[in-house]
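Trainee: Pasting upload-v1.cif here (mmCIF, C-alpha atoms):
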data_model
loop_
_atom_site.label_atom_id
_atom_site.label_comp_id
_atom_site.auth_asym_id
_atom_site.auth_seq_id
_atom_site.Cartn_x
_atom_site.Cartn_y
_atom_site.Cartn_z
CA MET M 1090 24.73 11.23 18.55
CA THR M 1091 22.36 13.96 19.63
CA SER M 1092 19.52 12.64 21.70
CA ILE M 1093 16.22 11.99 19.97
CA GLY M 1094 14.45 13.06 23.09
CA GLY M 1095 14.55 13.01 26.84
CA ALA M 1096 13.12 10.27 29.00
CA ALA M 1097 9.73 9.28 27.62
CA SER M 1098 6.83 10.23 29.79
CA PRO M 1099 5.87 7.42 32.15
CA GLY M 1100 2.19 8.23 31.64
CA MET M 1101 1.78 6.62 28.22
CA VAL M 1102 3.91 3.49 28.71
CA ASP M 1103 5.11 1.90 31.95
CA TRP M 1104 8.49 0.83 30.61
CA ASN M 1105 9.52 -1.06 33.74
CA LEU M 1106 6.30 -3.06 33.57
CA ALA M 1107 6.94 -3.78 29.89
CA VAL M 1108 10.34 -5.26 30.74
CA ALA M 1109 8.93 -7.24 33.68
CA THR M 1110 6.07 -8.61 31.59
CA ALA M 1111 8.25 -9.60 28.66
CA THR M 1112 10.81 -11.23 30.95
CA ARG M 1113 8.09 -13.22 32.70
CA LEU M 1114 6.46 -14.38 29.45
CA VAL M 1115 9.54 -14.98 27.33
CA ARG M 1116 9.83 -18.52 26.04
CA PRO M 1117 12.68 -20.61 27.41
CA GLY M 1118 15.54 -21.09 25.02
CA PRO M 1119 16.88 -24.42 23.77
CA GLU M 1120 18.30 -26.77 26.37
CA VAL M 1121 22.04 -26.44 26.72
CA SER M 1122 24.41 -27.22 29.54
CA ARG M 1123 26.30 -24.46 31.28
CA ASP M 1124 29.51 -25.48 29.53
CA GLU M 1125 27.74 -25.50 26.15
CA ALA M 1126 26.33 -22.03 26.81
CA ARG M 1127 29.77 -20.68 27.65
CA ALA M 1128 31.19 -22.24 24.50
CA VAL M 1129 28.45 -20.68 22.32
CA VAL M 1130 29.07 -17.22 23.80
CA ALA M 1131 32.83 -17.53 23.31
CA GLU M 1132 32.45 -18.71 19.72
CA LEU M 1133 30.04 -15.89 18.83
CA ARG M 1134 32.51 -13.36 20.21
CA ARG M 1135 35.31 -14.91 18.12
CA HIS M 1136 33.16 -14.90 15.00
CA ALA M 1137 32.12 -11.30 15.55
CA LYS M 1138 35.76 -10.29 15.74
CA ALA M 1139 36.76 -12.35 12.71
CA SER M 1140 33.85 -10.94 10.72
CA GLU M 1141 35.31 -7.43 10.89
CA GLU M 1142 38.20 -8.31 8.59
CA HIS M 1143 36.05 -10.45 6.28
CA VAL M 1144 33.42 -7.74 5.83
CA ARG M 1145 35.83 -4.84 5.42
CA GLY M 1146 37.88 -6.73 2.85
CA PHE M 1147 34.84 -7.70 0.80
CA THR M 1148 33.03 -4.34 0.98
CA ARG M 1149 36.19 -2.18 0.80
CA MET M 1150 34.73 -0.10 3.61
CA ALA M 1151 36.72 0.86 6.69
CA GLY M 1152 35.44 2.40 9.89
CA ASP M 1153 37.68 3.90 12.54
CA ALA M 1154 35.19 3.44 15.37
CA ALA M 1155 34.39 -0.28 15.03
CA ASP M 1156 36.65 -1.27 17.92
CA ASP M 1157 34.73 1.17 20.11
CA THR M 1158 31.38 -0.48 19.32
CA PRO M 1159 30.66 -3.21 21.87
CA VAL M 1160 29.52 -6.68 20.87
CA LEU M 1161 27.04 -8.03 23.42
CA VAL M 1162 26.03 -11.69 23.41
CA VAL M 1163 22.67 -11.66 25.16
CA ASP M 1164 19.81 -13.95 26.10
CA ARG M 1165 16.17 -13.17 25.33
CA PRO M 1166 15.54 -11.02 28.44
CA GLY M 1167 18.75 -9.12 27.63
CA TRP M 1168 17.44 -8.39 24.14
CA VAL M 1169 14.18 -7.13 25.67
CA ARG M 1170 15.98 -4.75 28.04
CA ALA M 1171 18.15 -3.38 25.24
CA ASN M 1172 15.19 -2.75 22.96
CA VAL M 1173 13.04 -1.15 25.63
CA ALA M 1174 15.88 1.31 26.25
CA GLY M 1175 16.02 2.05 22.53
CA PHE M 1176 12.25 2.40 22.15
CA LYS M 1177 12.09 4.71 25.15
CA GLU M 1178 14.68 6.98 23.56
CA ILE M 1179 13.31 7.00 20.02
CA LEU M 1180 9.60 7.25 20.86
CA ALA M 1181 9.93 10.00 23.48
CA PRO M 1182 8.71 12.85 21.21
CA LEU M 1183 5.70 10.86 19.97
CA LEU M 1184 4.69 9.66 23.44
CA ASP M 1185 5.06 13.13 24.94
CA LYS M 1186 2.86 14.52 22.18
CA MET M 1187 0.27 11.78 22.69
CA GLN M 1188 0.21 12.34 26.44
CA GLN M 1189 -0.40 16.06 25.98
CA ARG M 1190 -3.40 15.28 23.81
CA ARG M 1191 -4.72 12.72 26.24
CA GLY M 1192 -4.06 14.88 29.30
CA SER M 1193 -6.03 17.79 27.86
CA GLY M 1194 -9.18 15.71 27.68
CA PRO M 1195 -11.60 14.73 30.44
CA GLY M 1196 -10.21 12.14 32.82
CA GLY M 1197 -6.72 12.52 31.37
CA VAL M 1198 -4.93 11.92 34.67
CA VAL M 1199 -6.81 8.69 35.31
CA LEU M 1200 -6.27 7.51 31.75
CA ASN M 1201 -2.55 8.18 32.04
CA ALA M 1202 -2.25 6.21 35.27
CA VAL M 1203 -4.23 3.22 34.03
CA GLY M 1204 -3.29 3.36 30.36
CA GLY M 1205 0.43 3.39 31.03
CA LYS M 1206 0.25 0.10 32.90
CA VAL M 1207 -2.08 -1.49 30.37
CA THR M 1208 0.17 -0.46 27.51
CA GLY M 1209 3.25 -1.59 29.44
CA VAL M 1210 1.78 -5.07 29.83
CA GLU M 1211 0.75 -5.26 26.20
CA LEU M 1212 4.08 -3.97 24.91
CA GLY M 1213 5.78 -6.55 27.13
CA MET M 1214 3.69 -9.27 25.49
CA LEU M 1215 4.80 -8.14 22.04
CA LEU M 1216 8.45 -7.98 23.07
CA SER M 1217 8.29 -11.49 24.52
CA PHE M 1218 7.01 -12.68 21.14
CA LEU M 1219 9.72 -10.88 19.18
CA SER M 1220 12.53 -11.83 21.57
CA SER M 1221 12.51 -15.44 20.38
CA ARG M 1222 12.79 -14.47 16.69
CA VAL M 1223 15.72 -12.05 16.44
CA LEU M 1224 19.15 -13.57 15.75
CA GLY M 1225 21.18 -10.40 15.88
CA GLN M 1226 20.73 -6.66 15.80
CA TYR M 1227 22.86 -3.55 15.39
CA GLU M 1228 21.31 -0.92 17.65
CA THR M 1229 21.96 2.39 15.98
CA PHE M 1230 20.47 4.70 18.62
CA ALA M 1231 21.29 2.77 21.75
CA PRO M 1232 21.61 4.78 24.98
CA ALA M 1233 24.49 3.40 27.01
CA SER M 1234 23.97 2.06 30.52
CA ARG M 1235 26.01 0.11 33.04
CA ASP M 1236 24.42 -3.19 32.00
CA LEU M 1237 24.18 -2.36 28.29
CA PRO M 1238 27.25 -0.37 27.20
CA GLY M 1239 27.32 1.55 23.95
CA ALA M 1240 30.07 3.18 21.92
CA ALA M 1241 31.80 6.03 23.73
CA ASN M 1242 31.03 8.44 20.89
CA GLY M 1243 27.28 7.87 21.28
CA GLY M 1244 27.14 5.20 18.60
CA GLY M 1245 25.46 1.85 18.73
CA ARG M 1246 26.14 -1.67 19.89
CA LEU M 1247 25.94 -5.08 18.28
CA LEU M 1248 23.63 -7.65 19.87
CA LEU M 1249 23.83 -11.39 19.19
CA VAL M 1250 20.96 -13.38 20.72
CA ALA M 1251 22.64 -16.67 21.58
CA PRO M 1252 19.58 -18.88 22.37
CA ASN M 1253 17.85 -17.88 19.14
CA ILE M 1254 20.93 -18.63 17.05
CA VAL M 1255 21.23 -22.08 18.66
CA HIS M 1256 17.49 -22.69 18.19
CA VAL M 1257 17.55 -21.88 14.47
CA GLU M 1258 20.75 -23.80 13.71
CA ARG M 1259 19.16 -26.87 15.33
CA GLU M 1260 15.86 -26.34 13.54
CA LEU M 1261 17.61 -26.05 10.16
CA ASP M 1262 19.99 -28.91 11.00
CA VAL M 1263 23.04 -27.01 9.75
CA ALA M 1264 26.65 -26.90 10.94
CA PRO M 1265 26.66 -24.73 14.11
CA HIS M 1266 30.12 -23.24 13.48
CA ASP M 1267 29.18 -22.19 9.94
CA PHE M 1268 25.76 -20.83 10.87
CA ARG M 1269 27.09 -18.73 13.74
CA LEU M 1270 29.74 -17.15 11.54
CA TRP M 1271 27.17 -16.56 8.78
CA VAL M 1272 24.91 -14.66 11.20
CA CYS M 1273 27.86 -12.63 12.48
CA LEU M 1274 28.78 -11.62 8.93
CA HIS M 1275 25.33 -10.10 8.44
CA GLU M 1276 25.37 -8.16 11.69
CA GLU M 1277 28.99 -7.06 11.27
CA THR M 1278 28.04 -5.60 7.89
CA HIS M 1279 25.56 -3.33 9.67
CA ARG M 1280 28.22 -2.25 12.15
CA THR M 1281 30.60 -1.52 9.26
CA GLN M 1282 27.96 0.50 7.44
CA PHE M 1283 27.55 2.88 10.37
CA THR M 1284 31.19 3.09 11.43
CA ALA M 1285 32.47 3.61 7.89
CA VAL M 1286 29.78 6.14 6.90
CA PRO M 1287 29.88 8.81 9.63
CA TRP M 1288 26.88 10.80 8.38
CA LEU M 1289 24.54 7.81 8.13
CA ARG M 1290 23.48 7.73 11.80
CA ASP M 1291 22.67 11.44 11.93
CA HIS M 1292 20.80 11.21 8.63
CA LEU M 1293 18.58 8.40 9.89
CA GLU M 1294 18.04 10.17 13.18
CA GLY M 1295 16.91 13.30 11.35
CA GLU M 1296 14.46 11.32 9.24
CA ILE M 1297 13.02 9.60 12.31
CA GLN M 1298 12.70 12.91 14.14
CA SER M 1299 10.85 14.39 11.18
CA PHE M 1300 8.55 11.38 10.99
CA LEU M 1301 7.65 11.61 14.67
CA GLN M 1302 7.19 15.37 14.59
CA GLU M 1303 4.65 14.98 11.79
CA THR M 1304 2.59 12.47 13.72
CA ASP M 1305 -0.90 13.70 14.47
CA VAL M 1306 -2.87 10.72 15.63
CA ASP M 1307 -5.34 9.99 18.37
CA PRO M 1308 -3.33 8.19 21.08
CA MET M 1309 -6.12 5.68 21.56
CA THR M 1310 -5.73 4.59 17.94
CA VAL M 1311 -2.10 3.63 18.45
CA LEU M 1312 -2.83 1.97 21.77
CA GLU M 1313 -5.65 0.00 20.20
CA ARG M 1314 -3.26 -1.41 17.58
CA ILE M 1315 -0.89 -2.50 20.35
CA ARG M 1316 -3.85 -4.02 22.15
CA GLN M 1317 -4.92 -5.94 19.04
CA ALA M 1318 -1.45 -7.42 18.63
CA ALA M 1319 -1.28 -8.39 22.29
CA GLN M 1320 -4.73 -9.97 22.16
CA SER M 1321 -3.63 -12.01 19.16
CA LEU M 1322 -0.82 -13.41 21.26
CA ALA M 1323 -3.21 -14.25 24.07
CA GLY M 1324 -5.81 -15.73 21.73
CA GLY M 1325 -8.19 -12.88 22.54
CA ARG M 1326 -9.12 -12.02 18.97
CA PRO M 1327 -11.61 -14.14 17.06
CA GLU M 1328 -9.87 -16.32 14.50
CA SER M 1329 -11.83 -14.72 11.66
CA GLU M 1330 -10.27 -11.32 12.44
CA GLU M 1331 -6.68 -12.44 12.03
CA GLY M 1332 -6.68 -12.08 8.27
CA ASP M 1333 -8.84 -8.97 8.23
CA ALA M 1334 -8.02 -6.60 5.41
CA GLY M 1335 -9.40 -3.56 7.23
CA ASP M 1336 -7.65 -1.47 9.86
CA GLY M 1337 -6.81 -4.63 11.79
CA GLY M 1338 -4.66 -5.69 8.86
CA ARG M 1339 -2.60 -2.52 8.83
CA SER M 1340 0.76 -2.27 10.53
CA LEU M 1341 1.49 0.00 13.49
CA VAL M 1342 3.62 2.18 11.21
CA GLU M 1343 0.97 2.51 8.51
CA ILE M 1344 -1.69 3.98 10.80
CA VAL M 1345 0.32 7.08 11.73
CA GLN M 1346 1.05 8.34 8.24
CA THR M 1347 0.26 11.85 7.05
CA PRO M 1348 1.15 12.81 3.46
CA VAL M 1349 4.50 14.19 4.65
CA GLN M 1350 5.11 11.03 6.66
CA ARG M 1351 4.48 8.89 3.61
CA GLU M 1352 7.30 10.72 1.85
CA ILE M 1353 9.62 10.27 4.83
CA LEU M 1354 8.65 6.62 5.18
CA ALA M 1355 9.40 6.02 1.50
CA ARG M 1356 12.93 7.40 2.05
CA LEU M 1357 13.39 5.36 5.23
CA THR M 1358 12.15 2.22 3.47
CA ALA M 1359 14.68 2.75 0.69
CA VAL M 1360 17.55 3.21 3.17
CA MET M 1361 16.55 0.17 5.23
CA SER M 1362 16.21 -1.91 2.07
CA LEU M 1363 19.72 -0.83 1.09
CA LEU M 1364 21.20 -1.65 4.51
CA GLU M 1365 19.47 -5.02 4.87
CA GLY M 1366 20.04 -6.04 1.27
CA HIS M 1367 23.70 -5.05 1.47
CA ALA M 1368 24.11 -7.19 4.61
CA ASP M 1369 22.51 -10.19 2.89
CA TYR M 1370 24.69 -9.67 -0.19
CA VAL M 1371 27.85 -9.46 1.91
CA MET M 1372 27.10 -12.50 4.06
CA ASP M 1373 26.59 -14.59 0.94
CA GLY M 1374 29.53 -13.02 -0.89
CA VAL M 1375 31.98 -13.63 1.93
CA GLY M 1376 30.40 -16.97 2.74
CA PRO M 1377 32.00 -19.32 0.18
CA ALA M 1378 35.51 -18.42 1.38
CA VAL M 1379 34.91 -18.84 5.12
CA VAL M 1380 31.60 -20.72 5.52
CA PRO M 1381 31.88 -24.08 3.73
CA SER M 1382 28.17 -24.89 3.95
CA VAL M 1383 26.91 -21.41 3.03
CA ALA M 1384 24.82 -22.67 0.08
CA GLU M 1385 22.97 -25.18 2.27
CA ILE M 1386 22.46 -22.56 5.02
CA ARG M 1387 21.08 -19.96 2.61
CA GLU M 1388 18.70 -22.42 0.96
CA LYS M 1389 17.30 -23.69 4.25
CA PHE M 1390 17.11 -20.21 5.75
CA GLN M 1391 15.23 -18.86 2.72
CA GLN M 1392 12.79 -21.75 2.95
CA ARG M 1393 12.26 -20.95 6.60
CA ARG M 1394 11.56 -17.29 5.79
CA ALA M 1395 9.14 -18.21 3.00
CA ARG M 1396 7.40 -20.89 5.03
CA GLY M 1397 6.60 -18.53 7.87
CA ALA M 1398 4.64 -20.00 10.73
CA SER M 1399 1.06 -20.24 11.90
CA ARG M 1400 -1.78 -17.91 10.95
CA LEU M 1401 -1.26 -16.22 14.28
CA ASP M 1402 2.37 -15.55 13.49
CA GLN M 1403 1.45 -14.26 10.04
CA ALA M 1404 -1.17 -11.91 11.52
CA LEU M 1405 1.35 -10.51 13.98
CA ARG M 1406 3.94 -10.08 11.26
CA LYS M 1407 1.45 -8.01 9.28
CA LEU M 1408 0.39 -5.92 12.27
CA LEU M 1409 3.97 -5.21 13.34
CA GLY M 1410 5.16 -4.52 9.81
CA LEU M 1411 7.56 -7.51 9.76
CA ASP M 1412 6.38 -8.54 6.29
CA ALA M 1413 7.77 -5.25 5.00
CA LYS M 1414 11.13 -6.05 6.59
CA LEU M 1415 11.30 -9.38 4.76
CA ARG M 1416 10.64 -7.58 1.48
CA GLN M 1417 13.47 -5.18 2.33
CA TYR M 1418 15.94 -8.07 2.48
CA ARG M 1419 14.83 -9.37 -0.92
CA ASP M 1420 14.48 -6.06 -2.78
CA GLY M 1421 17.62 -4.55 -1.26
CA GLU M 1422 19.78 -7.58 -2.04
CA ARG M 1423 18.58 -7.52 -5.66
CA PHE M 1424 19.46 -3.80 -5.91
CA VAL M 1425 22.97 -4.31 -4.51
CA ARG M 1426 23.68 -7.34 -6.67
CA THR M 1427 22.48 -5.60 -9.83
CA VAL M 1428 24.52 -2.47 -9.18
CA VAL M 1429 27.71 -4.38 -8.30
CA ASP M 1430 27.34 -6.53 -11.42
CA GLU M 1431 27.03 -3.37 -13.52
CA VAL M 1432 29.55 -0.94 -11.98
CA GLY M 1433 31.59 -3.03 -9.53
CA VAL M 1434 32.08 -2.70 -5.79
CA ALA M 1435 33.75 0.70 -6.06
CA GLY M 1436 30.89 1.95 -8.22
CA PHE M 1437 28.33 0.64 -5.77
CA ASN M 1438 30.14 2.27 -2.84
CA ARG M 1439 29.30 5.68 -4.27
CA VAL M 1440 25.97 5.05 -2.56
CA TRP M 1441 27.69 6.02 0.71
CA THR M 1442 28.91 9.42 -0.54
CA SER M 1443 26.07 11.53 0.90
CA PRO M 1444 22.32 11.41 1.54
CA ASN M 1445 21.87 12.56 -2.06
CA THR M 1446 23.45 9.38 -3.40
CA LEU M 1447 21.20 7.05 -1.42
CA PRO M 1448 18.70 5.23 -3.65
CA THR M 1449 15.07 6.26 -3.65
CA LYS M 1450 12.34 3.68 -3.11
CA ALA M 1451 11.71 3.67 -6.87
CA GLU M 1452 15.43 3.17 -7.57
CA ILE M 1453 15.56 0.19 -5.22
CA ALA M 1454 13.03 -1.43 -7.56
CA LYS M 1455 14.84 -0.16 -10.69
CA PRO M 1456 18.62 -0.08 -10.04
CA ALA M 1457 19.34 1.17 -13.57
CA ASP M 1458 17.77 4.50 -12.61
CA TRP M 1459 20.16 4.87 -9.66
CA ILE M 1460 23.13 4.01 -11.87
CA ALA M 1461 22.00 6.55 -14.48
CA ARG M 1462 21.56 9.27 -11.83
CA VAL M 1463 24.67 8.72 -9.74
CA HIS M 1464 27.02 7.62 -12.51
CA ARG M 1465 25.46 9.97 -15.04
CA ARG M 1466 24.88 7.17 -17.51
CA PRO M 1467 22.00 7.42 -19.96
CA GLU M 1468 19.63 4.51 -19.58
CA PRO M 1469 19.70 2.28 -22.70
#
Re-express the file's structure as C-alpha cells.

Mentor:
Amino acid sequence: MTSIGGAASPGMVDWNLAVATATRLVRPGPEVSRDEARAVVAELRRHAKASEEHVRGFTRMAGDAADDTPVLVVDRPGWVRANVAGFKEILAPLLDKMQQRRGSGPGGVVLNAVGGKVTGVELGMLLSFLSSRVLGQYETFAPASRDLPGAANGGGRLLLVAPNIVHVERELDVAPHDFRLWVCLHEETHRTQFTAVPWLRDHLEGEIQSFLQETDVDPMTVLERIRQAAQSLAGGRPESEEGDAGDGGRSLVEIVQTPVQREILARLTAVMSLLEGHADYVMDGVGPAVVPSVAEIREKFQQRRARGASRLDQALRKLLGLDAKLRQYRDGERFVRTVVDEVGVAGFNRVWTSPNTLPTKAEIAKPADWIARVHRRPEP
C-alpha cells in the first residue's frame, strides 16, 4: 500500500489527546471474570481461523495473503488506538490543507495551538461513543505499529472487539458460541474480499485520495460539526436541535462535498454497499451449516438495528453518517442476493474482475442493470 499521506499535522488535531480522552471516557464493558475473558479471546481467535475456510468455500474466493493479515482481539481502548492511527493516516491530506488555510489567516498560530487540543478532546468523545458499538472491523489502510501489527505487505488487519460482542450476545440472549462465529464470518468476508482481490485496496485508496484532494471547505465548518456531535454526547445541545433538518442534521461527510466529490462519493457508496452487503449475504449463507441458531440471531439482530436507541443516539448516527452505513447493509445484501439468484456465484464474482465491473450506485438499487452491463444481457 502506498501511503495516503505523511503524519497529519498536529496543529489541527491533537491525536494523543484524542486517544487519552476516549480512553478516559470509554464505557466499561460487561462484567466478566479474568478466566471468562481469556476464554472469549481464545474462542474468537478459533472462530476467526475457522471462518477462513467457511467463507472461501462459500464465496469461491481465495486470497494468498490472508495468513499474513493479523487478527487482533481488542478491548474498547484498543479499538480507539487502532482507529486513531487509521484516521491520522487517511485524513493527513485534508488536515494539512485545512491547517494551511487556517494558518494564513489572522491569529492562525494561536488557533492551531488551541484548536488542536479542543478538536482532540471532541474527537476523543466521539470515539468513546463509537467504541462501544463496533463488533468487528477490517482495517484496510492500517499503518502497522509495535502494539498494532498489520500485514507485512502493507495490507490491513482484522479487529474483533471482545467486550462489545459479549455485550450484544447477552443483550440479544442468543447462544454465545453461535453469535461469536456469526460475527467472525462477517468480518472474515471483508478480509477475504481484500486478500482475494489485489486491486481493490489501491482502487479504494485512489478514490479516497481524490475525494480529499477535492475538498475545499472552511476548516471551522468541519470543526463545528465535530463540536456539535461532541456537545450532543455531553448534553450540550438543546433537545429541540437534535432532530434539526438544517445543517445540524447533515453528516460530517455531506458537508464537504463539491460536485466532483459527489460523483466520487456515489462510487464509494456503491463499493461499500457491495462489500457490506456481500458480508451480510455470506454470514447468512454460511450460517445454517455451522451456526445452528443463525435464524434466531439474524432476526434479533435485525430488530436491534431497526429499533435503534435514544433520540440522542439517532441524532449522532445522522451526524456521523451511520444511518447511511445501515442502508448499505440492506441495499448491498439485496443486490448480492438478486445477482446470485440470477447468474449464480460464479456470475456474481465477475464483480471482482476490475474497477469497471463494480456496480454503480444506481446498479446497486437495480441489479438487473448490472447484470445486463457485465453479462451483456438485454434487460427484459

Trainee: Please, what distance in Å, to one decimal, runs between atom CA of M:Ala1233 and atom CA of M:Pro1117?

Mentor: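 Between these atoms lies a distance of 26.8 Å.
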
Trainee: May I ask for the distance between atom CA of M:Met1101 and atom CA of M:Gly1245, given in Å to one decimal place?

Mentor: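 One can read the atom CA of M:Met1101 to atom CA of M:Gly1245 distance as 26.0 Å.
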
Trainee: Just give me the gap between atom CA of M:Gln1391 and atom CA of M:Ala1454 in Å, one decimal is fine.

Mentor: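 Value for the atom CA of M:Gln1391-atom CA of M:Ala1454 distance: 20.4 Å.
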
Trainee: Given the PyMOL selection byres ((chain M and resi 1278) around 10) and the file above, list the residues it selects as a PyMOL selection string.

Mentor: chain M and resi 1140-1141+1143-1145+1148+1150+1227+1273-1277+1279-1284+1364-1365+1367-1372

Trainee: Okay, now the selection with C-alpha atoms, as a PDB file, in the frame of the given file?

Mentor:
ATOM      1  CA  SER M1140      33.850 -10.940  10.720  1.00  0.00           C
ATOM      2  CA  GLU M1141      35.310  -7.430  10.890  1.00  0.00           C
ATOM      3  CA  HIS M1143      36.050 -10.450   6.280  1.00  0.00           C
ATOM      4  CA  VAL M1144      33.420  -7.740   5.830  1.00  0.00           C
ATOM      5  CA  ARG M1145      35.830  -4.840   5.420  1.00  0.00           C
ATOM      6  CA  THR M1148      33.030  -4.340   0.980  1.00  0.00           C
ATOM      7  CA  MET M1150      34.730  -0.100   3.610  1.00  0.00           C
ATOM      8  CA  TYR M1227      22.860  -3.550  15.390  1.00  0.00           C
ATOM      9  CA  CYS M1273      27.860 -12.630  12.480  1.00  0.00           C
ATOM     10  CA  LEU M1274      28.780 -11.620   8.930  1.00  0.00           C
ATOM     11  CA  HIS M1275      25.330 -10.100   8.440  1.00  0.00           C
ATOM     12  CA  GLU M1276      25.370  -8.160  11.690  1.00  0.00           C
ATOM     13  CA  GLU M1277      28.990  -7.060  11.270  1.00  0.00           C
ATOM     14  CA  HIS M1279      25.560  -3.330   9.670  1.00  0.00           C
ATOM     15  CA  ARG M1280      28.220  -2.250  12.150  1.00  0.00           C
ATOM     16  CA  THR M1281      30.600  -1.520   9.260  1.00  0.00           C
ATOM     17  CA  GLN M1282      27.960   0.500   7.440  1.00  0.00           C
ATOM     18  CA  PHE M1283      27.550   2.880  10.370  1.00  0.00           C
ATOM     19  CA  THR M1284      31.190   3.090  11.430  1.00  0.00           C
ATOM     20  CA  LEU M1364      21.200  -1.650   4.510  1.00  0.00           C
ATOM     21  CA  GLU M1365      19.470  -5.020   4.870  1.00  0.00           C
ATOM     22  CA  HIS M1367      23.700  -5.050   1.470  1.00  0.00           C
ATOM     23  CA  ALA M1368      24.110  -7.190   4.610  1.00  0.00           C
ATOM     24  CA  ASP M1369      22.510 -10.190   2.890  1.00  0.00           C
ATOM     25  CA  TYR M1370      24.690  -9.670  -0.190  1.00  0.00           C
ATOM     26  CA  VAL M1371      27.850  -9.460   1.910  1.00  0.00           C
ATOM     27  CA  MET M1372      27.100 -12.500   4.060  1.00  0.00           C
TER      28      MET M1372
END

Trainee: From the set M:Gln1392, M:Ser1362, M:Ser1443, M:Ser1382, which residue has the shortest atom-to-atom contact distance to M:Arg1419, counting only C-alpha atoms?

Mentor: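 Among M:Gln1392, M:Ser1362, M:Ser1443, M:Ser1382, it is M:Ser1362 that comes nearest to M:Arg1419.
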
Trainee: Considering all atoms listed in the file, state which residue in the set M:Leu1184, M:Leu1133, M:Val1250, M:Val1210 is at the smallest distance from M:Arg1165.

Mentor: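 Looking only at the distances to M:Arg1165, the closest residue turns out to be M:Val1250.
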
Trainee: Between M:Val1257, M:Gly1421, M:Trp1104, M:Arg1269, which one has atoms that come closest to M:Ala1139, using all atoms listed in the file?

Mentor: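 The answer is M:Arg1269, which sits nearest to M:Ala1139.
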
Trainee: Would you give the centre and edge lengths, in Å to one decimal, of a box along x, y and z around the listed atoms of stretch 1259-1278 of chain M, with 5 Å added to each side, as lines of an AutoDock Vina configuration file?

Mentor:
center_x = 23.0
center_y = -17.3
center_z = 11.6
size_x = 24.3
size_y = 33.3
size_z = 17.4

Trainee: Measuring between only C-alpha atoms, which one of M:Pro1252, M:Pro1348, M:Gly1225, M:Gly1146 shows the shortest distance to M:Val1115?

Mentor: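 Ranked by minimum distance to M:Val1115, first place goes to M:Pro1252.
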
Trainee: Output the residue selection produced by the PyMOL selection byres ((chain M and resi 1385) around 12) on the file above, formatted as a list in words.

Mentor: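 Evaluating the PyMOL selection byres ((chain M and resi 1385) around 12) on these coordinates yields Glu1258, Leu1261, Asp1262, Val1263, Ala1264, Asp1267, Phe1268, Trp1271, Asp1373, Gly1376, Pro1377, Val1380, Pro1381, Ser1382, Val1383, Ala1384, Ile1386, Arg1387, Glu1388, Lys1389, Phe1390, Gln1391 and Gln1392 of chain M.
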
Trainee: Kindly resolve the PyMOL selection byres ((chain M and resi 1131) around 12) on the present coordinates and return the residues as an mmCIF file with C-alpha atoms, in the coordinates of the input.

Mentor:
data_model
loop_
_atom_site.group_PDB
_atom_site.id
_atom_site.type_symbol
_atom_site.label_atom_id
_atom_site.label_comp_id
_atom_site.auth_asym_id
_atom_site.auth_seq_id
_atom_site.Cartn_x
_atom_site.Cartn_y
_atom_site.Cartn_z
ATOM 1 C CA ASP M 1124 29.510 -25.480 29.530
ATOM 2 C CA GLU M 1125 27.740 -25.500 26.150
ATOM 3 C CA ALA M 1126 26.330 -22.030 26.810
ATOM 4 C CA ARG M 1127 29.770 -20.680 27.650
ATOM 5 C CA ALA M 1128 31.190 -22.240 24.500
ATOM 6 C CA VAL M 1129 28.450 -20.680 22.320
ATOM 7 C CA VAL M 1130 29.070 -17.220 23.800
ATOM 8 C CA GLU M 1132 32.450 -18.710 19.720
ATOM 9 C CA LEU M 1133 30.040 -15.890 18.830
ATOM 10 C CA ARG M 1134 32.510 -13.360 20.210
ATOM 11 C CA ARG M 1135 35.310 -14.910 18.120
ATOM 12 C CA HIS M 1136 33.160 -14.900 15.000
ATOM 13 C CA ALA M 1137 32.120 -11.300 15.550
ATOM 14 C CA LYS M 1138 35.760 -10.290 15.740
ATOM 15 C CA VAL M 1160 29.520 -6.680 20.870
ATOM 16 C CA LEU M 1161 27.040 -8.030 23.420
ATOM 17 C CA VAL M 1162 26.030 -11.690 23.410
ATOM 18 C CA VAL M 1163 22.670 -11.660 25.160
ATOM 19 C CA LEU M 1249 23.830 -11.390 19.190
ATOM 20 C CA ALA M 1251 22.640 -16.670 21.580
ATOM 21 C CA HIS M 1266 30.120 -23.240 13.480
ATOM 22 C CA ARG M 1269 27.090 -18.730 13.740
#

Trainee: From the list M:Val1432, M:Arg1426, M:Thr1112, M:Asn1105, which residue is nearest M:Phe1218 when using all atoms listed in the file?

Mentor: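 Closest candidate: M:Thr1112.
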
Trainee: Using all atoms listed in the file, which protein or nucleic acid residues come within 8 Å of stretch 1351-1356 of chain M? Drop anything in the same chain fewer than 3 positions from it, and give the result as a ChimeraX atom specification.

Mentor: /M:1296,1299-1300,1346-1348,1359-1360,1449-1450

Trainee: Go through M:Gly1366, M:Gln1302, M:Glu1452, M:Arg1222 one by one, measure the shortest atom-to-atom distance of each to M:Ala1181 using all atoms listed in the file, and give the residue with the smallest value.

Mentor: M:Gln1302

Trainee: Show me, as a list in words, the residues that have an atom within 10 Å of stretch 1461-1466 of chain M when counting all atoms listed in the file, minus same-chain residues fewer than 6 positions from it.

Mentor: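 These residues fall inside the cut-off: Val1432, Gly1436, Phe1437, Arg1439, Val1440, Asn1445, Thr1446, Leu1447, Pro1448 and Glu1452 of chain M.
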
Trainee: Would you save the residues of that selection, restricted to C-alpha atoms, as a PDB file, keeping the file's coordinate frame?

Mentor:
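Saved the output as out31.pdb:
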ATOM      1  CA  VAL M1432      29.550  -0.940 -11.980  1.00  0.00           C
ATOM      2  CA  GLY M1436      30.890   1.950  -8.220  1.00  0.00           C
ATOM      3  CA  PHE M1437      28.330   0.640  -5.770  1.00  0.00           C
ATOM      4  CA  ARG M1439      29.300   5.680  -4.270  1.00  0.00           C
ATOM      5  CA  VAL M1440      25.970   5.050  -2.560  1.00  0.00           C
ATOM      6  CA  ASN M1445      21.870  12.560  -2.060  1.00  0.00           C
ATOM      7  CA  THR M1446      23.450   9.380  -3.400  1.00  0.00           C
ATOM      8  CA  LEU M1447      21.200   7.050  -1.420  1.00  0.00           C
ATOM      9  CA  PRO M1448      18.700   5.230  -3.650  1.00  0.00           C
ATOM     10  CA  GLU M1452      15.430   3.170  -7.570  1.00  0.00           C
TER      11      GLU M1452
END

Trainee: Around the point (4.1, -7.8, 34.1) in the file's coordinates, collect all residues with an atom within 9 Å, using all atoms listed in the file, and return them as an NGL selection string.

Mentor: :M and (1105-1114 or 1206 or 1209-1211 or 1213-1214)
